Amino acid sequence: MVSKVVWEWYAREEVLEALLSFFENREVVAVFKESFGKRPNTFSYPSEILKEVSQGAVAFHTSVEKWKNPMMLRPEMRREEIEELRIGWDLVFDPDVQDFEIAKITTKAIVEFLKKHRISDFIIKFSGGKGFHVIIPFETFPESIDFKPIAKWYPELLEIVINYFKNSMKERLRDELLALDTPFNLAKRIGKGITDILDEEGIDPFKIVNIDVFGFRHLIRAPYSLHEKTLLVSVPIQLKKLDKFEKEEANPELVSVQKLKFEKSNQAEFLFIEAIDWWAKQEPLREKVAKEIPRVKKKITKIPQEFFDPCIKRVLDGLSDGRKRAIFVLVTFLKNVGYSNKEIEEMLYEWNKKNNPPLRESYIRTQLRWHFRQSRNLLPPNHDHPNFYKSMGVLSPECQNYKNPLSYTFSKFFAMFPKRRKRKKAFNSKL
């Protein structure tokens, strides 16, 4: 049975117009109380939206990417095919935090960051649940950067900008959070222990607020969609109203609707250039994407776990810190020691059960999809990389004489099989 609140909201002409305006060139997925509608899908007429609502749809999620024809999307598409189909994308900050006041502080920090970089055209949107989205629309993007069409800069440019934001605003956001509450109370607000939010400088705001870098075909709740659990409107709000905004103001009976329309400009160009220039100077951060090497033409025998590098074994035992970085380590390592995509996927989900707390499975799926679509061969980071094994607390003294986890693993494995040493030597020369 269709809820009266849901039907009356979507039956409003101005709601349908606002939704369809935002849906243009996007993949759209209807969301029901307990499930998602089919993918790919899109909507061009009010009747199509109302049909889904009549069948129980409560919310509508849209892609951050824009497409020539969203209905041509397929899960098995290669990156080159995706890029050929993509015509644009919005830059979305999606802070994940359990506390509403912390979410407001984070949103204000994002807006301050954007204004410092000469961006005034953006959307602040209450998610309808726990926090806010900040959307920089594609209309503000330049046509290209470094002679590369901007549509093909996704998701790499998103990652660069998010990291640039974290670097630029970490100290400011830390001060704002400490002005709100004590470190112990901040930890309590988000259901963590005090040690879970600390780094060598004190509290780490990004252990309190998680800002994901998402990948291809990522969905967010559309502006003016209802939230499927709260039945509140995912409503755009003005910055000046953010401080005093309360969730009750997103009650469908109280919300007025306006179309979201932006004129074409190059507002985001300055931000992108600054972020890319900063990224180019961050050698340790850039190395986390790992070195590229030619694929080993001869298929590698699957190496048993008993020969694995000690750091890798420690990661596989489960982590409380560095879980997201560990995905990159594990996938690149396992691919290079002969494990299939299916085996890697199964191992990642089993590994996640040992983490405290486990990562969201949707996040793992996104990362696996990205890795499995790569035509290049990526190595796991070297042992001395400052952002991985040591900072994750898994660096083993046994590894000090080996540059890379693969060096250790191949050395131990091929020592058991003298005929294969020649192949090991050739591979290690590339590390």
# chains A, B, ... in the order shown; residues from 1 in each chain; ligands from 1
>>> closest_atom_pairs(of="stretch 327-372 of chain A", to="stretch 141-162 of chain A", cutoff="12 Å", atoms="only C-alpha atoms", output="CSV")
residue,atom,partner,partner_atom,distance
A:Thr366,CA,A:Pro155,CA,11.9
A:Gln367,CA,A:Pro155,CA,11.9
A:Trp370,CA,A:Pro155,CA,10.1
>>> write_last_selection(atoms="N, CA and C atoms", output="mmCIF file, in the first residue's frame")
data_model
loop_
_atom_site.group_PDB
_atom_site.id
_atom_site.type_symbol
_atom_site.label_atom_id
_atom_site.label_comp_id
_atom_site.auth_asym_id
_atom_site.auth_seq_id
_atom_site.Cartn_x
_atom_site.Cartn_y
_atom_site.Cartn_z
ATOM 1 N N THR A 366 32.683 -1.466 -4.542
ATOM 2 C CA THR A 366 33.116 -0.372 -5.415
ATOM 3 C C THR A 366 34.606 -0.470 -5.712
ATOM 4 N N GLN A 367 35.395 -0.743 -4.674
ATOM 5 C CA GLN A 367 36.843 -0.838 -4.861
ATOM 6 C C GLN A 367 37.218 -2.042 -5.717
ATOM 7 N N TRP A 370 36.565 -1.341 -9.373
ATOM 8 C CA TRP A 370 37.599 -0.471 -9.948
ATOM 9 C C TRP A 370 38.841 -1.283 -10.288
#
>>> residues_around(residues="stretch 263-272 of chain A", least_positions_apart="3", cutoff="8 Å", atoms="only C-alpha atoms", output="ChimeraX atom specification")
/A:114,117-121,139-142,157,161,275-276
>>> select_by_dssp(residues="stretch 59-170 of chain A", states="strand (DSSP E)", output="ChimeraX atom specification")
/A:59-67,86-89,91-93,95-96,123-126,132-136,144-145,148-149
>>> write_last_selection(atoms="C-alpha atoms", output="PDB file, in the first residue's frame")
ATOM      1  CA  ALA A  59      13.043   7.525  -2.978  1.00  0.00           C
ATOM      2  CA  PHE A  60      15.029   8.139  -6.146  1.00  0.00           C
ATOM      3  CA  HIS A  61      18.812   7.932  -6.316  1.00  0.00           C
ATOM      4  CA  THR A  62      20.774   9.386  -9.222  1.00  0.00           C
ATOM      5  CA  SER A  63      24.278   8.950 -10.584  1.00  0.00           C
ATOM      6  CA  VAL A  64      26.847  11.659  -9.997  1.00  0.00           C
ATOM      7  CA  GLU A  65      27.960  10.976 -13.578  1.00  0.00           C
ATOM      8  CA  LYS A  66      26.072  12.170 -16.661  1.00  0.00           C
ATOM      9  CA  TRP A  67      25.711   9.939 -19.691  1.00  0.00           C
ATOM     10  CA  ARG A  86      30.170   9.641 -19.944  1.00  0.00           C
ATOM     11  CA  ILE A  87      29.543  13.289 -20.858  1.00  0.00           C
ATOM     12  CA  GLY A  88      30.084  14.822 -17.430  1.00  0.00           C
ATOM     13  CA  TRP A  89      29.996  14.418 -13.664  1.00  0.00           C
ATOM     14  CA  LEU A  91      31.861  16.752  -7.790  1.00  0.00           C
ATOM     15  CA  VAL A  92      30.129  15.564  -4.622  1.00  0.00           C
ATOM     16  CA  PHE A  93      31.328  15.844  -1.041  1.00  0.00           C
ATOM     17  CA  PRO A  95      30.595  13.369   4.593  1.00  0.00           C
ATOM     18  CA  ASP A  96      29.581  10.315   6.601  1.00  0.00           C
ATOM     19  CA  ILE A 123      24.287  22.940  -3.756  1.00  0.00           C
ATOM     20  CA  ILE A 124      24.069  22.241  -0.034  1.00  0.00           C
ATOM     21  CA  LYS A 125      21.576  19.438   0.333  1.00  0.00           C
ATOM     22  CA  PHE A 126      20.238  17.791   3.472  1.00  0.00           C
ATOM     23  CA  PHE A 132      24.466  16.797   4.099  1.00  0.00           C
ATOM     24  CA  HIS A 133      25.819  16.608   0.553  1.00  0.00           C
ATOM     25  CA  VAL A 134      27.699  19.453  -1.108  1.00  0.00           C
ATOM     26  CA  ILE A 135      27.484  19.289  -4.898  1.00  0.00           C
ATOM     27  CA  ILE A 136      29.610  21.278  -7.337  1.00  0.00           C
ATOM     28  CA  SER A 144      39.381  20.223 -20.261  1.00  0.00           C
ATOM     29  CA  ILE A 145      42.483  20.225 -18.073  1.00  0.00           C
ATOM     30  CA  LYS A 148      42.265  15.992 -21.339  1.00  0.00           C
ATOM     31  CA  PRO A 149      38.458  16.347 -21.564  1.00  0.00           C
TER      32      PRO A 149
END
>>> closest_residue(among="A:Val329, A:Ile273, A:Leu348, A:Ile194", to="A:His383", atoms="only C-alpha atoms")
A:Val329
>>> select_by_dssp(residues="stretch 148-284 of chain A", states="helix (DSSP H, G or I)", output="VMD selection string")
chain A and resid 150 to 153 156 to 180 183 to 189 194 to 197 205 to 208 239 to 241 247 to 250 269 to 280 283 to 284
>>> write_last_selection(atoms="C-alpha atoms", output="PDB file, in the first residue's frame")
ATOM      1  CA  ILE A 150      37.061  16.955 -18.095  1.00  0.00           C
ATOM      2  CA  ALA A 151      34.529  14.138 -18.523  1.00  0.00           C
ATOM      3  CA  LYS A 152      37.443  11.677 -18.546  1.00  0.00           C
ATOM      4  CA  TRP A 153      38.955  12.986 -15.304  1.00  0.00           C
ATOM      5  CA  GLU A 156      40.793  10.546 -10.383  1.00  0.00           C
ATOM      6  CA  LEU A 157      40.100  14.274 -10.102  1.00  0.00           C
ATOM      7  CA  LEU A 158      37.505  13.630  -7.385  1.00  0.00           C
ATOM      8  CA  GLU A 159      40.164  11.781  -5.368  1.00  0.00           C
ATOM      9  CA  ILE A 160      42.678  14.585  -5.875  1.00  0.00           C
ATOM     10  CA  VAL A 161      40.214  17.279  -4.766  1.00  0.00           C
ATOM     11  CA  ILE A 162      39.069  15.292  -1.709  1.00  0.00           C
ATOM     12  CA  ASN A 163      42.666  14.747  -0.592  1.00  0.00           C
ATOM     13  CA  TYR A 164      43.483  18.395  -1.266  1.00  0.00           C
ATOM     14  CA  PHE A 165      40.496  19.417   0.854  1.00  0.00           C
ATOM     15  CA  LYS A 166      41.580  17.144   3.706  1.00  0.00           C
ATOM     16  CA  ASN A 167      45.085  18.536   3.632  1.00  0.00           C
ATOM     17  CA  SER A 168      43.893  22.157   3.429  1.00  0.00           C
ATOM     18  CA  MET A 169      41.139  22.014   6.045  1.00  0.00           C
ATOM     19  CA  LYS A 170      42.320  19.404   8.559  1.00  0.00           C
ATOM     20  CA  GLU A 171      43.626  21.909  11.100  1.00  0.00           C
ATOM     21  CA  ARG A 172      40.643  24.246  10.704  1.00  0.00           C
ATOM     22  CA  LEU A 173      38.143  21.406  11.033  1.00  0.00           C
ATOM     23  CA  ARG A 174      39.974  20.056  14.086  1.00  0.00           C
ATOM     24  CA  ASP A 175      39.714  23.456  15.776  1.00  0.00           C
ATOM     25  CA  GLU A 176      36.009  23.725  14.947  1.00  0.00           C
ATOM     26  CA  LEU A 177      35.293  20.283  16.369  1.00  0.00           C
ATOM     27  CA  LEU A 178      37.217  21.015  19.570  1.00  0.00           C
ATOM     28  CA  ALA A 179      35.232  24.226  19.906  1.00  0.00           C
ATOM     29  CA  LEU A 180      32.090  22.080  19.800  1.00  0.00           C
ATOM     30  CA  PRO A 183      37.828  14.896  22.516  1.00  0.00           C
ATOM     31  CA  PHE A 184      36.211  12.302  24.788  1.00  0.00           C
ATOM     32  CA  ASN A 185      32.740  13.620  24.056  1.00  0.00           C
ATOM     33  CA  LEU A 186      33.447  13.853  20.322  1.00  0.00           C
ATOM     34  CA  ALA A 187      34.380  10.164  20.346  1.00  0.00           C
ATOM     35  CA  LYS A 188      31.256   9.358  22.349  1.00  0.00           C
ATOM     36  CA  ARG A 189      29.056  11.299  19.902  1.00  0.00           C
ATOM     37  CA  ILE A 194      39.035   8.080  22.218  1.00  0.00           C
ATOM     38  CA  THR A 195      42.024   6.242  20.715  1.00  0.00           C
ATOM     39  CA  ASP A 196      40.015   5.649  17.533  1.00  0.00           C
ATOM     40  CA  ILE A 197      39.954   9.368  16.684  1.00  0.00           C
ATOM     41  CA  PRO A 205      38.856  15.109  12.131  1.00  0.00           C
ATOM     42  CA  PHE A 206      38.795  12.567   9.332  1.00  0.00           C
ATOM     43  CA  LYS A 207      38.598   9.727  11.835  1.00  0.00           C
ATOM     44  CA  ILE A 208      35.469  11.452  13.096  1.00  0.00           C
ATOM     45  CA  LEU A 239      24.156  28.394   3.633  1.00  0.00           C
ATOM     46  CA  LYS A 240      22.807  31.134   5.892  1.00  0.00           C
ATOM     47  CA  LYS A 241      20.160  28.716   7.178  1.00  0.00           C
ATOM     48  CA  LYS A 247      15.604  17.887  10.400  1.00  0.00           C
ATOM     49  CA  GLU A 248      11.937  18.687  11.025  1.00  0.00           C
ATOM     50  CA  GLU A 249      12.187  21.451   8.400  1.00  0.00           C
ATOM     51  CA  ALA A 250      12.495  18.683   5.786  1.00  0.00           C
ATOM     52  CA  GLU A 269      38.873  25.556 -12.943  1.00  0.00           C
ATOM     53  CA  PHE A 270      40.902  27.360 -10.274  1.00  0.00           C
ATOM     54  CA  LEU A 271      40.132  24.663  -7.690  1.00  0.00           C
ATOM     55  CA  PHE A 272      41.060  21.870 -10.080  1.00  0.00           C
ATOM     56  CA  ILE A 273      44.356  23.456 -11.125  1.00  0.00           C
ATOM     57  CA  GLU A 274      45.325  24.193  -7.512  1.00  0.00           C
ATOM     58  CA  ALA A 275      44.423  20.658  -6.445  1.00  0.00           C
ATOM     59  CA  ILE A 276      46.360  19.050  -9.306  1.00  0.00           C
ATOM     60  CA  ASP A 277      49.412  21.253  -8.637  1.00  0.00           C
ATOM     61  CA  TRP A 278      49.286  20.284  -4.956  1.00  0.00           C
ATOM     62  CA  TRP A 279      48.873  16.601  -5.802  1.00  0.00           C
ATOM     63  CA  ALA A 280      51.890  16.689  -8.105  1.00  0.00           C
ATOM     64  CA  GLU A 283      55.031  12.103  -3.841  1.00  0.00           C
ATOM     65  CA  PRO A 284      54.058   9.883  -0.872  1.00  0.00           C
TER      66      PRO A 284
END
>>> residues_around(residues="A:Pro46", least_positions_apart="3", cutoff="12 Å", atoms="only C-alpha atoms", output="PDB file with N, CA and C atoms, in the first residue's frame")
ATOM      1  N   TYR A  10       5.044  13.221  -4.153  1.00  0.00           N
ATOM      2  CA  TYR A  10       5.423  13.054  -5.555  1.00  0.00           C
ATOM      3  C   TYR A  10       4.311  13.462  -6.519  1.00  0.00           C
ATOM      4  N   ALA A  11       3.105  13.613  -6.027  1.00  0.00           N
ATOM      5  CA  ALA A  11       2.014  14.072  -6.886  1.00  0.00           C
ATOM      6  C   ALA A  11       2.076  15.577  -7.140  1.00  0.00           C
ATOM      7  N   ARG A  12       2.918  16.285  -6.380  1.00  0.00           N
ATOM      8  CA  ARG A  12       3.040  17.731  -6.562  1.00  0.00           C
ATOM      9  C   ARG A  12       3.766  18.029  -7.877  1.00  0.00           C
ATOM     10  N   GLU A  13       3.178  18.878  -8.691  1.00  0.00           N
ATOM     11  CA  GLU A  13       3.728  19.179 -10.013  1.00  0.00           C
ATOM     12  C   GLU A  13       5.135  19.740  -9.930  1.00  0.00           C
ATOM     13  N   GLU A  14       5.370  20.645  -8.959  1.00  0.00           N
ATOM     14  CA  GLU A  14       6.690  21.264  -8.859  1.00  0.00           C
ATOM     15  C   GLU A  14       7.755  20.267  -8.418  1.00  0.00           C
ATOM     16  N   VAL A  15       7.374  19.247  -7.661  1.00  0.00           N
ATOM     17  CA  VAL A  15       8.315  18.201  -7.262  1.00  0.00           C
ATOM     18  C   VAL A  15       8.726  17.381  -8.476  1.00  0.00           C
ATOM     19  N   LEU A  16       7.749  16.979  -9.270  1.00  0.00           N
ATOM     20  CA  LEU A  16       8.034  16.205 -10.472  1.00  0.00           C
ATOM     21  C   LEU A  16       8.920  16.981 -11.442  1.00  0.00           C
ATOM     22  N   GLU A  17       8.643  18.265 -11.603  1.00  0.00           N
ATOM     23  CA  GLU A  17       9.447  19.094 -12.507  1.00  0.00           C
ATOM     24  C   GLU A  17      10.892  19.203 -12.024  1.00  0.00           C
ATOM     25  N   ALA A  18      11.061  19.401 -10.704  1.00  0.00           N
ATOM     26  CA  ALA A  18      12.411  19.525 -10.140  1.00  0.00           C
ATOM     27  C   ALA A  18      13.187  18.220 -10.283  1.00  0.00           C
ATOM     28  N   LEU A  19      12.519  17.111 -10.031  1.00  0.00           N
ATOM     29  CA  LEU A  19      13.176  15.815 -10.165  1.00  0.00           C
ATOM     30  C   LEU A  19      13.596  15.540 -11.605  1.00  0.00           C
ATOM     31  N   LEU A  20      12.695  15.745 -12.539  1.00  0.00           N
ATOM     32  CA  LEU A  20      13.000  15.467 -13.940  1.00  0.00           C
ATOM     33  C   LEU A  20      14.115  16.365 -14.463  1.00  0.00           C
ATOM     34  N   SER A  21      14.145  17.590 -13.979  1.00  0.00           N
ATOM     35  CA  SER A  21      15.215  18.494 -14.375  1.00  0.00           C
ATOM     36  C   SER A  21      16.571  17.962 -13.919  1.00  0.00           C
ATOM     37  N   PHE A  23      17.204  14.770 -13.188  1.00  0.00           N
ATOM     38  CA  PHE A  23      17.412  13.436 -13.751  1.00  0.00           C
ATOM     39  C   PHE A  23      18.047  13.457 -15.145  1.00  0.00           C
ATOM     40  N   THR A  42      16.166   5.216 -16.176  1.00  0.00           N
ATOM     41  CA  THR A  42      16.066   6.670 -16.187  1.00  0.00           C
ATOM     42  C   THR A  42      14.603   7.045 -16.353  1.00  0.00           C
ATOM     43  N   PHE A  43      14.289   8.298 -16.085  1.00  0.00           N
ATOM     44  CA  PHE A  43      12.907   8.760 -16.150  1.00  0.00           C
ATOM     45  C   PHE A  43      12.856  10.070 -16.924  1.00  0.00           C
ATOM     46  N   ILE A  49       7.591   8.417 -13.058  1.00  0.00           N
ATOM     47  CA  ILE A  49       7.891   8.526 -11.627  1.00  0.00           C
ATOM     48  C   ILE A  49       6.700   8.048 -10.805  1.00  0.00           C
ATOM     49  N   LEU A  50       5.517   8.521 -11.176  1.00  0.00           N
ATOM     50  CA  LEU A  50       4.316   8.164 -10.408  1.00  0.00           C
ATOM     51  C   LEU A  50       4.011   6.671 -10.504  1.00  0.00           C
ATOM     52  N   LYS A  51       4.360   6.059 -11.617  1.00  0.00           N
ATOM     53  CA  LYS A  51       4.158   4.617 -11.737  1.00  0.00           C
ATOM     54  C   LYS A  51       5.013   3.868 -10.719  1.00  0.00           C
ATOM     55  N   GLU A  52       6.267   4.292 -10.575  1.00  0.00           N
ATOM     56  CA  GLU A  52       7.146   3.656  -9.587  1.00  0.00           C
ATOM     57  C   GLU A  52       6.622   3.888  -8.167  1.00  0.00           C
ATOM     58  N   VAL A  53       6.149   5.097  -7.911  1.00  0.00           N
ATOM     59  CA  VAL A  53       5.609   5.409  -6.587  1.00  0.00           C
ATOM     60  C   VAL A  53       4.385   4.543  -6.296  1.00  0.00           C
TER      61      VAL A  53
END
>>> closest_residue(among="A:Ser362, A:Ser44, A:Asn25, A:Gln55", to="A:Asp90", atoms="only C-alpha atoms")
A:Asn25
>>> atom_distance(atom1="atom CA of A:Asp384", atom2="atom CA of A:Gln400")
8.6 Å
>>> residues_around(residues="A:Gly37", least_positions_apart="6", cutoff="9 Å", atoms="only C-alpha atoms", output="PyMOL selection string")
chain A and resi 29-31+52+57
>>> residues_around(residues="A:Glu101", least_positions_apart="2", cutoff="10 Å", atoms="only C-alpha atoms", output="PyMOL selection string")
chain A and resi 97-99+103-107+130-131+177+180+189+243
>>> write_last_selection(atoms="N, CA and C atoms", output="PDB file, in the first residue's frame")
ATOM      1  N   VAL A  97      28.940  10.896   8.868  1.00  0.00           N
ATOM      2  CA  VAL A  97      29.147  11.084  10.307  1.00  0.00           C
ATOM      3  C   VAL A  97      27.827  10.862  11.022  1.00  0.00           C
ATOM      4  N   GLN A  98      27.910  10.354  12.239  1.00  0.00           N
ATOM      5  CA  GLN A  98      26.701   9.974  12.970  1.00  0.00           C
ATOM      6  C   GLN A  98      26.060  11.142  13.722  1.00  0.00           C
ATOM      7  N   ASP A  99      26.766  12.261  13.845  1.00  0.00           N
ATOM      8  CA  ASP A  99      26.287  13.370  14.661  1.00  0.00           C
ATOM      9  C   ASP A  99      25.877  14.550  13.778  1.00  0.00           C
ATOM     10  N   ALA A 103      28.108  17.122  11.454  1.00  0.00           N
ATOM     11  CA  ALA A 103      27.827  17.180  10.018  1.00  0.00           C
ATOM     12  C   ALA A 103      27.707  18.629   9.548  1.00  0.00           C
ATOM     13  N   LYS A 104      27.073  19.481  10.349  1.00  0.00           N
ATOM     14  CA  LYS A 104      26.953  20.900   9.984  1.00  0.00           C
ATOM     15  C   LYS A 104      28.322  21.570   9.937  1.00  0.00           C
ATOM     16  N   ILE A 105      29.146  21.295  10.935  1.00  0.00           N
ATOM     17  CA  ILE A 105      30.483  21.897  10.989  1.00  0.00           C
ATOM     18  C   ILE A 105      31.308  21.474   9.777  1.00  0.00           C
ATOM     19  N   THR A 106      31.218  20.203   9.424  1.00  0.00           N
ATOM     20  CA  THR A 106      31.954  19.691   8.262  1.00  0.00           C
ATOM     21  C   THR A 106      31.467  20.345   6.977  1.00  0.00           C
ATOM     22  N   THR A 107      30.170  20.487   6.846  1.00  0.00           N
ATOM     23  CA  THR A 107      29.596  21.116   5.653  1.00  0.00           C
ATOM     24  C   THR A 107      30.068  22.554   5.519  1.00  0.00           C
ATOM     25  N   LYS A 130      21.156  11.645   8.077  1.00  0.00           N
ATOM     26  CA  LYS A 130      22.049  12.084   9.153  1.00  0.00           C
ATOM     27  C   LYS A 130      22.888  13.305   8.809  1.00  0.00           C
ATOM     28  N   GLY A 131      22.985  13.659   7.532  1.00  0.00           N
ATOM     29  CA  GLY A 131      23.922  14.716   7.200  1.00  0.00           C
ATOM     30  C   GLY A 131      23.578  15.476   5.939  1.00  0.00           C
ATOM     31  N   LEU A 177      35.855  21.398  15.608  1.00  0.00           N
ATOM     32  CA  LEU A 177      35.293  20.283  16.369  1.00  0.00           C
ATOM     33  C   LEU A 177      35.628  20.401  17.850  1.00  0.00           C
ATOM     34  N   LEU A 180      33.416  22.656  19.553  1.00  0.00           N
ATOM     35  CA  LEU A 180      32.090  22.080  19.800  1.00  0.00           C
ATOM     36  C   LEU A 180      32.065  21.247  21.065  1.00  0.00           C
ATOM     37  N   ARG A 189      30.112  10.891  20.826  1.00  0.00           N
ATOM     38  CA  ARG A 189      29.056  11.299  19.902  1.00  0.00           C
ATOM     39  C   ARG A 189      28.948  10.371  18.692  1.00  0.00           C
ATOM     40  N   ASP A 243      23.171  26.712  10.007  1.00  0.00           N
ATOM     41  CA  ASP A 243      23.389  26.622  11.454  1.00  0.00           C
ATOM     42  C   ASP A 243      22.120  26.270  12.220  1.00  0.00           C
TER      43      ASP A 243
END
>>> closest_residue(among="A:Lys302, A:Glu83, A:Lys354, A:Tyr349", to="A:Lys335", atoms="only C-alpha atoms")
A:Lys302
>>> residues_around(residues="A:Arg323", least_positions_apart="2", cutoff="10 Å", atoms="only C-alpha atoms", output="list of chain:residue names")
A:Val315, A:Gly318, A:Leu319, A:Ser320, A:Asp321, A:Arg325, A:Ala326, A:Ile327, A:Phe328, A:Val329, A:Asn352, A:Asn355, A:Asn356, A:Pro357, A:Pro358, A:Leu359, A:Met392
>>> residues_around(residues="A:Asn382", least_positions_apart="4", cutoff="8 Å", atoms="only C-alpha atoms", output="list in words")
Lys403, Asn404 and Pro405 of chain A
>>> decode(residues="stretch 245-268 of chain A", atoms="C-alpha atoms", output="PDB file, in the first residue's frame")
ATOM      1  CA  PHE A 245      18.511  23.995  10.225  1.00  0.00           C
ATOM      2  CA  GLU A 246      16.641  21.172  11.941  1.00  0.00           C
ATOM      3  CA  LYS A 247      15.604  17.887  10.400  1.00  0.00           C
ATOM      4  CA  GLU A 248      11.937  18.687  11.025  1.00  0.00           C
ATOM      5  CA  GLU A 249      12.187  21.451   8.400  1.00  0.00           C
ATOM      6  CA  ALA A 250      12.495  18.683   5.786  1.00  0.00           C
ATOM      7  CA  ASN A 251       8.997  17.468   6.545  1.00  0.00           C
ATOM      8  CA  PRO A 252       7.269  17.239   3.133  1.00  0.00           C
ATOM      9  CA  GLU A 253       4.441  19.478   4.342  1.00  0.00           C
ATOM     10  CA  LEU A 254       6.914  22.306   5.065  1.00  0.00           C
ATOM     11  CA  VAL A 255       9.159  22.155   2.004  1.00  0.00           C
ATOM     12  CA  SER A 256       8.866  24.522  -0.925  1.00  0.00           C
ATOM     13  CA  VAL A 257      10.467  23.491  -4.226  1.00  0.00           C
ATOM     14  CA  GLN A 258      12.719  25.310  -6.655  1.00  0.00           C
ATOM     15  CA  LYS A 259      14.442  24.022  -9.777  1.00  0.00           C
ATOM     16  CA  LEU A 260      18.211  23.714  -9.570  1.00  0.00           C
ATOM     17  CA  LYS A 261      19.663  25.380 -12.626  1.00  0.00           C
ATOM     18  CA  PHE A 262      23.201  26.683 -13.192  1.00  0.00           C
ATOM     19  CA  GLU A 263      24.671  28.708 -16.013  1.00  0.00           C
ATOM     20  CA  LYS A 264      27.738  27.372 -17.785  1.00  0.00           C
ATOM     21  CA  SER A 265      30.925  28.779 -16.234  1.00  0.00           C
ATOM     22  CA  ASN A 266      34.516  27.830 -15.442  1.00  0.00           C
ATOM     23  CA  GLN A 267      34.260  28.476 -11.704  1.00  0.00           C
ATOM     24  CA  ALA A 268      35.797  25.142 -10.739  1.00  0.00           C
TER      25      ALA A 268
END
